[in-house]
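Notes for the one structure printed next.
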Amino acid sequence: ESKPSSEDILNAILPPREWLENGKHYIQYVSHAEASRVDVARLREMLDQKLMERQARESGICPVREELFSQCFDEIIRQVTISEQHRGILLLRVRDEIKMTIAAYQTLY
């Protein structure tokens, strides 16, 4: 039995983006590079900047805030999966459970 590589797991968790532009087909894979402390600090700064730029609400239901935090969480999952596959998969389960819970609350609301 062969154990899936972290690249295989990352591509399953965060599938590559595909698009057509000027008649050409492009595929963008998620980065497999490990994150440094500087990368983590930059991620936090970018999150704060995007929240301000897009005028996300600080509390309550806010689709902009939800989208930005979801993107940030996906990046954290990517970073953790590269260094420890099992933790990354566990974070994926947490992310999916949160998304289902939010969807249920929105349906009820």
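Convention: chains lettered A, B, ... in structure tokens order; per-chain residue numbering from 1; ligands numbered from 1 as shown.
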Mind checking which residues fall within 12 Å of stretch 27-43 of chain A, counting only C-alpha atoms, ignoring those fewer than 2 positions away in the same chain, and posting them as a CSV table (one decimal) with C-alpha atoms, in the first residue's frame?
```csv
chain,number,residue,atom,x,y,z
A,5,SER,CA,1.9,12.2,-0.6
A,6,SER,CA,1.2,15.6,1.0
A,7,GLU,CA,0.9,17.0,-2.6
A,8,ASP,CA,-1.9,14.5,-3.4
A,9,ILE,CA,-3.7,15.4,-0.1
A,10,LEU,CA,-3.3,19.1,-0.8
A,11,ASN,CA,-4.7,18.7,-4.3
A,12,ALA,CA,-7.7,16.8,-2.9
A,13,ILE,CA,-8.3,19.3,-0.1
A,14,LEU,CA,-7.7,22.4,-2.2
A,15,PRO,CA,-8.3,21.4,-5.8
A,16,PRO,CA,-6.5,23.3,-8.6
A,17,ARG,CA,-8.3,26.2,-10.2
A,18,GLU,CA,-8.9,25.9,-14.0
A,19,TRP,CA,-9.9,28.6,-16.4
A,20,LEU,CA,-9.8,29.6,-20.0
A,21,GLU,CA,-8.2,32.9,-21.1
A,24,LYS,CA,-5.7,29.0,-23.5
A,25,HIS,CA,-6.4,26.5,-20.7
A,45,GLU,CA,-1.7,41.5,7.8
A,46,MET,CA,-3.3,40.7,4.5
A,47,LEU,CA,-6.4,39.5,6.3
A,48,ASP,CA,-6.7,42.7,8.3
A,49,GLN,CA,-6.1,44.8,5.2
A,50,LYS,CA,-8.7,43.0,3.1
A,68,LEU,CA,-12.2,36.3,3.8
A,69,PHE,CA,-11.9,34.2,6.9
A,71,GLN,CA,-9.8,31.9,2.5
A,72,CYS,CA,-7.5,32.5,5.5
A,73,PHE,CA,-8.6,29.2,7.1
A,74,ASP,CA,-7.9,27.3,3.8
A,75,GLU,CA,-4.4,28.8,3.8
A,76,ILE,CA,-3.8,27.7,7.4
A,77,ILE,CA,-5.0,24.2,6.4
A,78,ARG,CA,-2.6,24.2,3.5
A,79,GLN,CA,0.3,25.2,5.7
A,80,VAL,CA,-0.5,22.6,8.4
A,81,THR,CA,-1.0,19.8,5.9
A,82,ILE,CA,2.4,20.4,4.4
A,83,SER,CA,4.1,19.9,7.8
A,84,GLU,CA,1.7,17.3,9.3
```
Run DSSP on the backbone and grab whatever in chain A lands in strand (DSSP E or B); send it over as a ChimeraX atom specification. /A:17-21,24-28
Just N, CA and C atoms for this one: save the residues we selected as an mmCIF file, in the first residue's frame.
```
data_model
loop_
_atom_site.group_PDB
_atom_site.id
_atom_site.type_symbol
_atom_site.label_atom_id
_atom_site.label_comp_id
_atom_site.auth_asym_id
_atom_site.auth_seq_id
_atom_site.Cartn_x
_atom_site.Cartn_y
_atom_site.Cartn_z
ATOM 1 N N ARG A 17 -7.316 25.328 -9.504
ATOM 2 C CA ARG A 17 -8.255 26.191 -10.230
ATOM 3 C C ARG A 17 -7.986 26.061 -11.715
ATOM 4 N N GLU A 18 -9.029 25.998 -12.501
ATOM 5 C CA GLU A 18 -8.897 25.907 -13.956
ATOM 6 C C GLU A 18 -9.727 27.006 -14.599
ATOM 7 N N TRP A 19 -9.169 27.613 -15.665
ATOM 8 C CA TRP A 19 -9.901 28.630 -16.389
ATOM 9 C C TRP A 19 -9.344 28.761 -17.808
ATOM 10 N N LEU A 20 -10.167 29.348 -18.669
ATOM 11 C CA LEU A 20 -9.775 29.630 -20.045
ATOM 12 C C LEU A 20 -9.565 31.129 -20.178
ATOM 13 N N GLU A 21 -8.476 31.487 -20.851
ATOM 14 C CA GLU A 21 -8.191 32.903 -21.084
ATOM 15 C C GLU A 21 -7.536 33.027 -22.449
ATOM 16 N N LYS A 24 -6.623 29.862 -24.181
ATOM 17 C CA LYS A 24 -5.659 28.970 -23.524
ATOM 18 C C LYS A 24 -6.242 28.447 -22.224
ATOM 19 N N HIS A 25 -5.944 27.193 -21.939
ATOM 20 C CA HIS A 25 -6.417 26.542 -20.721
ATOM 21 C C HIS A 25 -5.335 26.644 -19.651
ATOM 22 N N TYR A 26 -5.690 27.214 -18.495
ATOM 23 C CA TYR A 26 -4.732 27.364 -17.399
ATOM 24 C C TYR A 26 -5.173 26.528 -16.205
ATOM 25 N N ILE A 27 -4.187 25.996 -15.483
ATOM 26 C CA ILE A 27 -4.425 25.263 -14.245
ATOM 27 C C ILE A 27 -3.480 25.832 -13.196
ATOM 28 N N GLN A 28 -4.046 26.230 -12.062
ATOM 29 C CA GLN A 28 -3.231 26.770 -10.972
ATOM 30 C C GLN A 28 -3.343 25.842 -9.763
#
```
Using only C-alpha atoms, the shortest atom-to-atom distance to A:Asp96 among A:Pro4, A:Gly60, A:Ser70, A:Tyr109 belongs to A:Ser70
Please, which residues of chain A, numbered as in this document, come out helix (DSSP H, G or I) from DSSP, as a ChimeraX atom specification? /A:6-13,37-53,63-83,85-108
